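Undergrad: Here it is, the structure in full.
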Amino acid sequence: MTRPTSRNAADTDPGPEQVRREDELVARVVESFAASPDPRLRLLMQALTRHLHAFIREVRLTEDELFAAIRFLTDAGHLTDDERQELILLSDVLGASMQTITVNNQAFGDATEATVLGPFHTESSPEIEPGGDVAGAASGMPCWVEGTVRDGQGLPVPHARIEVWEADDRGRYDVQYADDRVAGRAHLRTDASGGYRFWAVKPTPYPIPDDGPVGAMLRAVGRSPVRASHLHFLVTAPGYRRLVTHIFVEGDEQLVVGDSVFGVRDSLIKPFEDQAGGTPAPDGRDLGGRPWTRTRFDIVLAPEG
Ligand SMILES: [Fe+2]
């Protein structure tokens, strides 16, 4: 095996007998899962064992560090309930959520790239007509969003279901308020030519909940908890792969700092064209002289399977 790299290579060079003992332990633990009747579970547990032991050996993990890690996970578990999921946050900030999505959404031609679902999707949202308003009571600059849903051959996908959700300009989702409001979320259908259009509010950056152990970890390593400004999409149509994605705002400074959950794909960064107050809206809506913005997101769905 490769000799482990240590924090202080000079004083922790394990030597051949030490390496033999460590190898022997890994083999014994891997073997302990060999009789699992579920082959997938056997694969998962044996690979987890190999990678976990390789990590412990590479960093020469101290016993204090192991107990600190256990304390961290214990604290994260204690903080987790129906409304707060600290362990999903941990998966997100480690890029594990995004990597799992990447693995499970194989590149397919020019199909739109997927990104994280996030913790603020809900199972129910109001349906709106084409050109309707996703924002409802959510505050922010009015934002006209339009585009098409097509397949890999460029053919329109009529009647596709598009679900959209977003934070308001205070960086909060409706479910983060205590008053049961439903705002900043809705679903609609594409028309016969695969087109769609709706009003929303311009996305703004917001921090992931950072008052728990994950936030403390981010502070300790000098990382920002803030997510780049984004608008969530979930697009489904029979015969096509379910698409969970966002669009991001071109020019958003947080794209330079880095999105705290690694959700950004370059192909998902879209120009938002800000319009001066009084500029006529595309659908003739009276915006009362307020400035507004507009963007376009053309979606390509991969076939199912
Ligand atoms: Fe979000």
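In the structure tokens, the first chain shown is A, the next is B, and so on; residue numbers restart at 1 for each chain, and ligands run from 1 in the order shown.
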Would you mind listing what lies within 8 Å of segment 143-160 of chain A as number ranges by chain, with only C-alpha atoms counted and same-chain residues fewer than 2 positions away left out?
TA: A: 109-111, 141, 162, 189-202, 235-237, 282, 292-303
Undergrad: Could the residues in this selection be written to a file with N, CA, C and O atoms, as a CSV table (one decimal), in the first residue's frame?
TA:
```csv
chain,number,residue,atom,x,y,z
A,109,GLY,N,-26.2,15.2,-24.1
A,109,GLY,CA,-26.3,16.2,-25.1
A,109,GLY,C,-26.3,17.6,-24.5
A,109,GLY,O,-25.5,17.9,-23.6
A,110,ASP,N,-27.2,18.4,-24.9
A,110,ASP,CA,-27.3,19.8,-24.3
A,110,ASP,C,-28.4,19.9,-23.3
A,110,ASP,O,-29.0,21.0,-23.0
A,111,ALA,N,-28.8,18.7,-22.7
A,111,ALA,CA,-29.8,18.7,-21.6
A,111,ALA,C,-29.4,19.7,-20.5
A,111,ALA,O,-28.2,19.7,-20.1
A,141,MET,N,-37.9,43.0,-6.3
A,141,MET,CA,-38.1,43.6,-7.6
A,141,MET,C,-38.8,42.7,-8.6
A,141,MET,O,-38.4,41.5,-8.8
A,162,ILE,N,-43.9,23.0,-14.7
A,162,ILE,CA,-42.7,23.8,-14.2
A,162,ILE,C,-43.1,24.3,-12.8
A,162,ILE,O,-44.0,25.0,-12.6
A,189,ARG,N,-47.9,25.3,-16.4
A,189,ARG,CA,-47.7,24.3,-17.5
A,189,ARG,C,-47.1,25.1,-18.7
A,189,ARG,O,-47.5,26.2,-19.0
A,190,THR,N,-46.3,24.4,-19.5
A,190,THR,CA,-45.9,25.0,-20.8
A,190,THR,C,-47.1,24.9,-21.8
A,190,THR,O,-48.0,24.1,-21.7
A,191,ASP,N,-47.1,25.8,-22.7
A,191,ASP,CA,-48.2,25.9,-23.7
A,191,ASP,C,-47.9,24.9,-24.9
A,191,ASP,O,-47.0,24.1,-24.8
A,192,ALA,N,-48.7,24.9,-25.9
A,192,ALA,CA,-48.7,23.9,-27.0
A,192,ALA,C,-47.3,24.0,-27.7
A,192,ALA,O,-46.9,23.0,-28.3
A,193,SER,N,-46.6,25.1,-27.7
A,193,SER,CA,-45.3,25.2,-28.3
A,193,SER,C,-44.2,25.1,-27.3
A,193,SER,O,-43.0,25.5,-27.7
A,194,GLY,N,-44.5,24.6,-26.1
A,194,GLY,CA,-43.4,24.4,-25.1
A,194,GLY,C,-43.0,25.7,-24.4
A,194,GLY,O,-42.0,25.7,-23.7
A,195,GLY,N,-43.7,26.8,-24.7
A,195,GLY,CA,-43.3,28.1,-24.1
A,195,GLY,C,-43.9,28.2,-22.7
A,195,GLY,O,-44.9,27.6,-22.3
A,196,TYR,N,-43.2,29.1,-21.9
A,196,TYR,CA,-43.8,29.5,-20.6
A,196,TYR,C,-43.3,30.9,-20.3
A,196,TYR,O,-42.4,31.4,-20.8
A,197,ARG,N,-44.0,31.5,-19.3
A,197,ARG,CA,-43.7,32.8,-18.9
A,197,ARG,C,-44.4,33.1,-17.6
A,197,ARG,O,-45.5,32.5,-17.3
A,198,PHE,N,-43.7,33.8,-16.7
A,198,PHE,CA,-44.4,34.1,-15.4
A,198,PHE,C,-43.6,35.3,-14.8
A,198,PHE,O,-42.5,35.7,-15.2
A,199,TRP,N,-44.3,35.9,-13.8
A,199,TRP,CA,-43.7,36.9,-13.0
A,199,TRP,C,-43.1,36.3,-11.7
A,199,TRP,O,-43.7,35.4,-11.2
A,200,ALA,N,-42.0,36.8,-11.2
A,200,ALA,CA,-41.4,36.3,-9.9
A,200,ALA,C,-40.8,37.6,-9.3
A,200,ALA,O,-41.1,38.7,-9.7
A,201,VAL,N,-39.9,37.4,-8.4
A,201,VAL,CA,-39.0,38.5,-7.9
A,201,VAL,C,-37.6,38.2,-8.2
A,201,VAL,O,-37.2,37.0,-8.3
A,202,LYS,N,-36.8,39.3,-8.4
A,202,LYS,CA,-35.4,39.0,-8.8
A,202,LYS,C,-34.7,38.4,-7.6
A,202,LYS,O,-34.8,38.8,-6.4
A,235,VAL,N,-38.8,20.6,-13.1
A,235,VAL,CA,-39.5,20.4,-14.4
A,235,VAL,C,-39.8,19.0,-14.7
A,235,VAL,O,-38.8,18.2,-14.6
A,236,THR,N,-41.0,18.6,-14.9
A,236,THR,CA,-41.4,17.2,-15.1
A,236,THR,C,-42.3,17.1,-16.4
A,236,THR,O,-43.1,18.0,-16.6
A,237,ALA,N,-42.1,16.0,-17.1
A,237,ALA,CA,-43.0,15.7,-18.2
A,237,ALA,C,-42.9,14.3,-18.5
A,237,ALA,O,-41.8,13.7,-18.4
A,282,PRO,N,-43.8,43.3,-20.5
A,282,PRO,CA,-44.0,42.5,-21.7
A,282,PRO,C,-45.5,42.1,-21.9
A,282,PRO,O,-46.0,41.9,-23.0
A,292,TRP,N,-38.1,47.0,-12.9
A,292,TRP,CA,-38.3,45.6,-12.9
A,292,TRP,C,-37.2,45.0,-13.7
A,292,TRP,O,-36.3,45.7,-14.2
A,293,THR,N,-37.2,43.7,-13.8
A,293,THR,CA,-36.1,43.0,-14.5
A,293,THR,C,-36.7,41.8,-15.3
A,293,THR,O,-37.8,41.5,-15.1
A,294,ARG,N,-35.9,41.3,-16.2
A,294,ARG,CA,-36.3,40.2,-17.0
A,294,ARG,C,-35.2,39.2,-17.3
A,294,ARG,O,-34.0,39.6,-17.4
A,295,THR,N,-35.6,38.0,-17.5
A,295,THR,CA,-34.6,37.0,-17.9
A,295,THR,C,-35.2,35.9,-18.7
A,295,THR,O,-36.4,35.8,-18.8
A,296,ARG,N,-34.4,35.0,-19.3
A,296,ARG,CA,-34.8,34.0,-20.2
A,296,ARG,C,-34.1,32.7,-19.8
A,296,ARG,O,-32.9,32.7,-19.6
A,297,PHE,N,-34.9,31.6,-19.7
A,297,PHE,CA,-34.3,30.3,-19.4
A,297,PHE,C,-34.9,29.3,-20.3
A,297,PHE,O,-36.1,28.9,-20.1
A,298,ASP,N,-34.2,28.8,-21.3
A,298,ASP,CA,-34.6,27.8,-22.2
A,298,ASP,C,-34.1,26.4,-21.7
A,298,ASP,O,-32.9,26.2,-21.5
A,299,ILE,N,-35.1,25.5,-21.5
A,299,ILE,CA,-34.8,24.3,-20.8
A,299,ILE,C,-34.8,23.1,-21.8
A,299,ILE,O,-35.6,23.1,-22.7
A,300,VAL,N,-33.8,22.2,-21.7
A,300,VAL,CA,-33.8,21.0,-22.5
A,300,VAL,C,-33.8,19.8,-21.6
A,300,VAL,O,-33.0,19.7,-20.7
A,301,LEU,N,-34.8,19.0,-21.8
A,301,LEU,CA,-35.0,17.8,-21.0
A,301,LEU,C,-34.3,16.6,-21.6
A,301,LEU,O,-34.4,16.3,-22.8
A,302,ALA,N,-33.7,15.8,-20.8
A,302,ALA,CA,-33.1,14.5,-21.2
A,302,ALA,C,-34.2,13.4,-21.2
A,302,ALA,O,-35.2,13.6,-20.4
A,303,PRO,N,-34.1,12.4,-22.0
A,303,PRO,CA,-35.2,11.4,-22.0
A,303,PRO,C,-35.1,10.6,-20.7
A,303,PRO,O,-34.0,10.5,-20.1
```
Undergrad: Taking 3 positions as the minimum chain separation for residues in the same chain, which residues sit within 7 Å of Tyr206 of chain A when counting only C-alpha atoms? Answer as a PDB file with N, CA, C and O atoms, in the first residue's frame.
TA:
```pdb
ATOM      1  N   GLY A 171     -34.212  37.512   1.798  1.00  0.00           N
ATOM      2  CA  GLY A 171     -33.447  36.266   1.846  1.00  0.00           C
ATOM      3  C   GLY A 171     -34.162  35.146   2.574  1.00  0.00           C
ATOM      4  O   GLY A 171     -33.533  34.196   3.035  1.00  0.00           O
ATOM      5  N   VAL A 226     -23.156  32.054   2.571  1.00  0.00           N
ATOM      6  CA  VAL A 226     -24.143  32.652   1.670  1.00  0.00           C
ATOM      7  C   VAL A 226     -24.263  31.862   0.362  1.00  0.00           C
ATOM      8  O   VAL A 226     -23.258  31.415  -0.195  1.00  0.00           O
ATOM      9  N   ARG A 227     -25.497  31.698  -0.084  1.00  0.00           N
ATOM     10  CA  ARG A 227     -25.778  31.085  -1.373  1.00  0.00           C
ATOM     11  C   ARG A 227     -25.877  32.171  -2.434  1.00  0.00           C
ATOM     12  O   ARG A 227     -26.425  33.249  -2.199  1.00  0.00           O
TER      13      ARG A 227
END
```
Undergrad: Pick out the closest residue to ligand 1 from this set: A:His230, A:Arg265, A:Arg50, A:Arg28. Count only C-alpha atoms and all ligand atoms.
TA: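 Looking only at the distances to ligand 1, the closest residue turns out to be A:His230.
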Undergrad: Residues of segment 2-250 of chain A classed as strand (DSSP E or B) by DSSP on the backbone are to be reported as a ChimeraX atom specification.
TA: /A:127,133,142-150,156,161-165,185-189,195-201,206-207,226-227,230-236,240,243-249
Undergrad: Applying 9 Å and only C-alpha atoms, which residues near Val261 of chain A remain after dropping the ones on its own chain fewer than 3 positions away? List them as a PyMOL selection string.
TA: chain A and resi 89+91-95+97-98+116+208+225-227+258+264
Undergrad: Save the residues we just selected, all heavy atoms, as a compact mmCIF listing (two decimals), in the first residue's frame?
TA:
```
# COMPACT_ATOMS: atom_id res chain seq x y z
N LEU A 89 -27.60 20.09 5.64
CA LEU A 89 -26.69 21.23 5.47
C LEU A 89 -25.24 20.77 5.40
O LEU A 89 -24.46 21.24 4.58
CB LEU A 89 -26.82 22.20 6.66
CG LEU A 89 -27.90 23.26 6.62
CD1 LEU A 89 -27.69 24.21 7.79
CD2 LEU A 89 -27.89 24.01 5.32
N SER A 91 -24.11 17.83 4.48
CA SER A 91 -23.93 17.18 3.17
C SER A 91 -23.77 18.24 2.08
O SER A 91 -22.90 18.12 1.20
CB SER A 91 -25.13 16.28 2.89
OG SER A 91 -25.16 15.87 1.55
N ASP A 92 -24.57 19.30 2.16
CA ASP A 92 -24.53 20.36 1.15
C ASP A 92 -23.19 21.09 1.15
O ASP A 92 -22.59 21.31 0.11
CB ASP A 92 -25.66 21.38 1.39
CG ASP A 92 -27.04 20.80 1.09
OD1 ASP A 92 -27.12 19.70 0.52
OD2 ASP A 92 -28.03 21.47 1.43
N VAL A 93 -22.73 21.52 2.35
CA VAL A 93 -21.52 22.35 2.38
C VAL A 93 -20.26 21.53 2.11
O VAL A 93 -19.21 22.09 1.78
CB VAL A 93 -21.36 23.14 3.70
CG1 VAL A 93 -22.56 24.04 3.94
CG2 VAL A 93 -21.09 22.23 4.89
N LEU A 94 -20.36 20.20 2.22
CA LEU A 94 -19.24 19.34 1.85
C LEU A 94 -19.26 19.00 0.36
O LEU A 94 -18.37 18.30 -0.14
CB LEU A 94 -19.26 18.04 2.67
CG LEU A 94 -18.98 18.19 4.16
CD1 LEU A 94 -19.12 16.85 4.87
CD2 LEU A 94 -17.59 18.78 4.40
N GLY A 95 -20.29 19.48 -0.35
CA GLY A 95 -20.41 19.16 -1.78
C GLY A 95 -20.91 17.74 -2.02
O GLY A 95 -20.98 17.30 -3.17
N SER A 97 -23.97 16.54 -1.51
CA SER A 97 -25.28 16.59 -2.17
C SER A 97 -25.08 16.84 -3.66
O SER A 97 -25.67 16.16 -4.51
CB SER A 97 -26.13 17.71 -1.56
OG SER A 97 -26.26 17.53 -0.17
N MET A 98 -24.25 17.84 -3.98
CA MET A 98 -24.06 18.20 -5.39
C MET A 98 -23.36 17.09 -6.17
O MET A 98 -23.69 16.85 -7.33
CB MET A 98 -23.27 19.51 -5.45
CG MET A 98 -23.26 20.16 -6.80
SD MET A 98 -24.92 20.56 -7.41
CE MET A 98 -24.55 20.94 -9.12
N VAL A 116 -28.84 21.32 -6.82
CA VAL A 116 -29.44 20.85 -5.57
C VAL A 116 -30.92 21.25 -5.43
O VAL A 116 -31.32 22.33 -5.85
CB VAL A 116 -28.67 21.37 -4.33
CG1 VAL A 116 -27.33 20.66 -4.21
CG2 VAL A 116 -28.45 22.87 -4.41
N ILE A 208 -27.34 30.19 4.27
CA ILE A 208 -27.94 28.98 4.82
C ILE A 208 -27.96 29.16 6.34
O ILE A 208 -27.22 30.00 6.88
CB ILE A 208 -27.13 27.72 4.43
CG1 ILE A 208 -25.68 27.81 4.93
CG2 ILE A 208 -27.16 27.51 2.92
CD1 ILE A 208 -24.91 26.52 4.78
N PRO A 225 -21.32 31.46 4.47
CA PRO A 225 -22.52 30.62 4.45
C PRO A 225 -23.51 31.03 3.36
O PRO A 225 -24.58 30.43 3.24
CB PRO A 225 -23.13 30.90 5.83
CG PRO A 225 -22.76 32.32 6.11
CD PRO A 225 -21.38 32.52 5.48
N VAL A 226 -23.16 32.05 2.57
CA VAL A 226 -24.14 32.65 1.67
C VAL A 226 -24.26 31.86 0.36
O VAL A 226 -23.26 31.42 -0.20
CB VAL A 226 -23.78 34.12 1.38
CG1 VAL A 226 -24.75 34.74 0.38
CG2 VAL A 226 -23.80 34.92 2.68
N ARG A 227 -25.50 31.70 -0.08
CA ARG A 227 -25.78 31.09 -1.37
C ARG A 227 -25.88 32.17 -2.43
O ARG A 227 -26.43 33.25 -2.20
CB ARG A 227 -27.12 30.32 -1.33
CG ARG A 227 -27.08 29.08 -0.45
CD ARG A 227 -27.72 27.91 -1.15
NE ARG A 227 -27.15 27.72 -2.47
CZ ARG A 227 -27.79 27.21 -3.51
NH1 ARG A 227 -29.03 26.81 -3.37
NH2 ARG A 227 -27.20 27.07 -4.69
N GLY A 258 -18.20 32.43 -4.08
CA GLY A 258 -18.44 30.98 -4.07
C GLY A 258 -19.77 30.67 -3.42
O GLY A 258 -20.09 31.20 -2.35
N VAL A 264 -23.60 25.96 -8.23
CA VAL A 264 -23.54 26.74 -9.48
C VAL A 264 -22.95 25.92 -10.63
O VAL A 264 -21.95 25.22 -10.45
CB VAL A 264 -22.68 28.01 -9.27
CG1 VAL A 264 -22.62 28.81 -10.58
CG2 VAL A 264 -23.26 28.87 -8.16
```
Undergrad: Which of these, A:Asp252, A:Asp274, A:Asp75, A:Asp168, has the shortest distance to ligand 1 once you count only C-alpha atoms and all ligand atoms?
TA: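 Among the listed residues, the smallest separation from ligand 1 belongs to A:Asp168.
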Undergrad: Check every protein, DNA and RNA residue against ligand 1, keep those with an atom at most 10 Å away (counting only C-alpha atoms and all ligand atoms), and present them as a ChimeraX atom specification.
TA: /A:116-121,165-167,171-173,203-208,227-232,246,263
Undergrad: Let's have the selection written as an mmCIF file, in the first residue's frame, with N, CA and C atoms.
TA:
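What ended up in again17.cif:
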```cif
data_model
loop_
_atom_site.group_PDB
_atom_site.id
_atom_site.type_symbol
_atom_site.label_atom_id
_atom_site.label_comp_id
_atom_site.auth_asym_id
_atom_site.auth_seq_id
_atom_site.Cartn_x
_atom_site.Cartn_y
_atom_site.Cartn_z
ATOM 1 N N VAL A 116 -28.838 21.319 -6.816
ATOM 2 C CA VAL A 116 -29.443 20.848 -5.569
ATOM 3 C C VAL A 116 -30.922 21.252 -5.428
ATOM 4 N N LEU A 117 -31.709 20.380 -4.818
ATOM 5 C CA LEU A 117 -33.116 20.680 -4.529
ATOM 6 C C LEU A 117 -33.211 21.722 -3.417
ATOM 7 N N GLY A 118 -32.342 21.603 -2.423
ATOM 8 C CA GLY A 118 -32.381 22.529 -1.286
ATOM 9 C C GLY A 118 -33.473 22.154 -0.307
ATOM 10 N N PRO A 119 -33.453 22.781 0.878
ATOM 11 C CA PRO A 119 -34.375 22.369 1.940
ATOM 12 C C PRO A 119 -35.732 23.072 1.902
ATOM 13 N N PHE A 120 -35.976 23.948 0.928
ATOM 14 C CA PHE A 120 -37.189 24.776 0.996
ATOM 15 C C PHE A 120 -38.257 24.405 -0.031
ATOM 16 N N HIS A 121 -38.060 23.264 -0.718
ATOM 17 C CA HIS A 121 -39.125 22.787 -1.602
ATOM 18 C C HIS A 121 -40.249 22.214 -0.734
ATOM 19 N N TRP A 165 -39.665 28.051 -7.066
ATOM 20 C CA TRP A 165 -39.719 28.595 -5.704
ATOM 21 C C TRP A 165 -38.475 29.424 -5.435
ATOM 22 N N GLU A 166 -38.622 30.411 -4.532
ATOM 23 C CA GLU A 166 -37.530 31.358 -4.302
ATOM 24 C C GLU A 166 -37.718 32.093 -2.972
ATOM 25 N N ALA A 167 -36.613 32.673 -2.502
ATOM 26 C CA ALA A 167 -36.656 33.522 -1.311
ATOM 27 C C ALA A 167 -37.115 34.927 -1.710
ATOM 28 N N GLY A 171 -34.212 37.512 1.798
ATOM 29 C CA GLY A 171 -33.447 36.266 1.846
ATOM 30 C C GLY A 171 -34.162 35.146 2.574
ATOM 31 N N ARG A 172 -35.501 35.240 2.679
ATOM 32 C CA ARG A 172 -36.244 34.213 3.422
ATOM 33 C C ARG A 172 -37.316 33.582 2.551
ATOM 34 N N TYR A 173 -37.455 32.264 2.695
ATOM 35 C CA TYR A 173 -38.540 31.533 2.023
ATOM 36 C C TYR A 173 -39.801 31.641 2.873
ATOM 37 N N PRO A 203 -34.010 37.239 -7.821
ATOM 38 C CA PRO A 203 -33.369 36.526 -6.706
ATOM 39 C C PRO A 203 -32.261 37.357 -6.051
ATOM 40 N N THR A 204 -32.117 37.177 -4.739
ATOM 41 C CA THR A 204 -31.069 37.859 -3.981
ATOM 42 C C THR A 204 -30.305 36.806 -3.152
ATOM 43 N N PRO A 205 -29.065 37.104 -2.751
ATOM 44 C CA PRO A 205 -28.305 36.112 -1.978
ATOM 45 C C PRO A 205 -28.896 35.931 -0.583
ATOM 46 N N TYR A 206 -28.744 34.754 -0.012
ATOM 47 C CA TYR A 206 -29.184 34.529 1.374
ATOM 48 C C TYR A 206 -28.262 33.501 2.023
ATOM 49 N N PRO A 207 -28.092 33.587 3.352
ATOM 50 C CA PRO A 207 -27.235 32.605 4.028
ATOM 51 C C PRO A 207 -28.002 31.331 4.341
ATOM 52 N N ILE A 208 -27.344 30.186 4.271
ATOM 53 C CA ILE A 208 -27.936 28.979 4.822
ATOM 54 C C ILE A 208 -27.961 29.163 6.339
ATOM 55 N N ARG A 227 -25.497 31.698 -0.084
ATOM 56 C CA ARG A 227 -25.778 31.085 -1.373
ATOM 57 C C ARG A 227 -25.877 32.171 -2.434
ATOM 58 N N ALA A 228 -25.347 31.880 -3.615
ATOM 59 C CA ALA A 228 -25.511 32.799 -4.741
ATOM 60 C C ALA A 228 -27.009 32.944 -5.041
ATOM 61 N N SER A 229 -27.403 34.144 -5.495
ATOM 62 C CA SER A 229 -28.813 34.425 -5.822
ATOM 63 C C SER A 229 -29.323 33.410 -6.837
ATOM 64 N N HIS A 230 -30.511 32.851 -6.579
ATOM 65 C CA HIS A 230 -31.003 31.817 -7.498
ATOM 66 C C HIS A 230 -32.511 31.688 -7.434
ATOM 67 N N LEU A 231 -33.041 31.116 -8.505
ATOM 68 C CA LEU A 231 -34.469 30.797 -8.614
ATOM 69 C C LEU A 231 -34.558 29.294 -8.892
ATOM 70 N N HIS A 232 -35.300 28.583 -8.035
ATOM 71 C CA HIS A 232 -35.402 27.115 -8.164
ATOM 72 C C HIS A 232 -36.421 26.715 -9.231
ATOM 73 N N HIS A 246 -31.567 25.286 -10.791
ATOM 74 C CA HIS A 246 -31.784 26.708 -10.476
ATOM 75 C C HIS A 246 -31.298 27.514 -11.678
ATOM 76 N N GLY A 263 -23.651 24.732 -5.753
ATOM 77 C CA GLY A 263 -24.742 24.434 -6.690
ATOM 78 C C GLY A 263 -24.587 25.063 -8.064
#
```
Undergrad: Under the rule that only C-alpha atoms are counted, which of A:Leu25, A:Ala216, A:Val175, A:Ile88 is the nearest residue to Ala54 of chain A?
TA: A:Leu25
Undergrad: Have a look at atom CA of Leu87 of chain A and atom CA of Leu255 of chain A and let me know their distance in Å, one decimal.
TA: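 Interatomic distance here is 24.3 Å.
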Undergrad: Tell me, in Å to one decimal, how far atom CA of Glu163 of chain A is from atom CA of Thr122 of chain A.
TA: 10.3 Å
Undergrad: What's the 10 Å shell around Glu250 of chain A, counting only C-alpha atoms, without same-chain residues fewer than 4 positions away, as a VMD selection string?
TA: chain A and resid 229 255 266 268 to 273
Undergrad: Would you work out the distance separating atom CA of Glu17 of chain A from atom CA of Ser32 of chain A, expressed in Å to one decimal?
TA: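 That distance, rounded to one decimal, is 22.8 Å.
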Undergrad: Excluding Thr245 of chain A and residues on its chain fewer than 3 positions from it, collect all residues at most 7 Å away from it, counting only C-alpha atoms, and give them as a VMD selection string.
TA: chain A and resid 113 to 116 232 to 234
Undergrad: Take the residues from that selection and put them in a file with C-alpha atoms, as a PDB file, in the first residue's frame.
TA:
```pdb
ATOM      1  CA  GLU A 113     -27.803  20.715 -15.962  1.00  0.00           C
ATOM      2  CA  ALA A 114     -29.242  19.733 -12.587  1.00  0.00           C
ATOM      3  CA  THR A 115     -28.403  21.216  -9.211  1.00  0.00           C
ATOM      4  CA  VAL A 116     -29.443  20.848  -5.569  1.00  0.00           C
ATOM      5  CA  HIS A 232     -35.402  27.115  -8.164  1.00  0.00           C
ATOM      6  CA  PHE A 233     -36.999  25.063 -10.961  1.00  0.00           C
ATOM      7  CA  LEU A 234     -38.405  21.530 -10.925  1.00  0.00           C
TER       8      LEU A 234
END
```
